[in-house]
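Chemist: Supplied in structure tokens, the structure appears directly below.
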Amino acid sequence: MRRQDEGKIWTAPRVFSLGALARRSFLRSMFLLRNKIGVKRQHTVLDFSATEKMSAEGALLFLAELRRLIWHVKGGVEVGCILPHNNKVAQVLKQIGVLDLLSVSSSIVPVDDDVINWRTAHGRLVLGEKYDDILEHYDGAIAEVLQDKLYTGITEAMTNVINHAYDLERDDGLDVKVEKDWWMFSQQMNGFLTIVFCDLGAGIPRTLPAKRASVWRKILKGGRTSDADVIKFAAEDSVSRTRKEYRGKGLGQIVRVVSGLPQASVQIFSNRGVYSVTGGSKQSASYGDSILGTLIFWRIPLPVKEAV
Amino acid sequence: MITIRIAKDFSRYPAGRYVVDGPYSGEHFRTKLLVPAIQAQDKVVVDMDGARGYGSSFLEEAFGGLVRLGFVKEVIKRKLEIHATNASLKQEIDDYINSAQPA
């Protein structure tokens, strides 16, 4: 690397993940990426040479941030790339479209089973047909009733994005003209189907007080207002509520996808909090850093004999 | 009597609440197919099978939205017949009609 290039470098994290061990470092890297390209508008080289692992949720959040930044600067900032040493990571970057987004020509061809099964979708409306882009492949492999619940959960997540997520400005210091983007991945690995859905909006803890005032009043009454508490309360209220109110049930349908599936789980990350349901067990946690948006992560066991 | 087969006559991918949400929203379905059918017919059969699925936003706006438009609940229930292999859909639609209030 030439000395004059050093200031251009954005060093990609070793692990792209929202898992407890990697989250802080990963989100710090996302902050630096936004700062370099979006705020300072510096020509930037994304250096993936030290990256060893890309989890589905980390990869999706990164792809969403990068697409948003490139859209924001509209060609005014050059963004290049140093390819990873890790072959698996290189295949993932090719498969999910990062290398094409950066116009990187390479001989990398995704061939590994746990890479070629990554499928991606992106949209700015509630588009049910996008479901088939990432999940039609599993028709016949997973039960029809589960497909039905997944379609419902995913399209309700899209509806939440279009109607709520972008009503407030994102807290990232960028003056980005609002487009109601969502991004989605599916991935099959180790006998599980993973589906990740995200937006880069204001996050549930910020939009809920205005969009679901009655729920917010209940939260205030309980005195627990951390991001994790807000997501937890909103999701559980949405699941248990009778159908007296006709709006805001989407979170319940997002959680219900995994009901009755002992090994399945769903995690709802929003800003500084996460709420997760695994089997009958519910947990929530708060962090000091924010993902600046909402990300939903379903993990569903595939039938062993029918794994596709 | 008229039969509306959602998957064939509207879309295999119904989703979203309002027209601005996307191309196959509950509001669009109600406006394009449901309201004209209820206004013109004594019996309207809605066949729900064949679509990918139905979120609460779509169903509530399509059917609960009839009440907000001014249709009388008893008239809606008398005219409307829901055919669905998934029996819970019929219950869910009934609930939305019962819960909705005229605007």
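Going by the structure tokens order, chains are called A, B, ..., each with residues numbered from 1, while ligands are numbered from 1 in the order shown.
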Using only C-alpha atoms, select each residue of chain B with any atom at most 7 Å away from an atom of chain A, and give the selection as a VMD selection string.
Modeler: chain B and resid 13 to 16 21 to 22 52 to 56 60 95 99
Chemist: Can you pull out every residue from chain B that DSSP, working from the backbone, puts in helix (DSSP H, G or I), and format the result as a ChimeraX atom specification?
Modeler: /B:6-10,19-21,26-40,56-68,73-79,87-99
Chemist: Report the residues of chain B whose backbone DSSP state falls under strand (DSSP E or B), written as a ChimeraX atom specification.
Modeler: /B:2-5,44-47,80-83
Chemist: How far is it from CA of Glu61 (chain B) to CA of Phe185 (chain A), in Å with one decimal?
Modeler: 28.3 Å
Chemist: So what do you get for CA of Tyr96 (chain B) versus CA of His28 (chain B), distance-wise?
Modeler: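 A separation of 17.1 Å between them.
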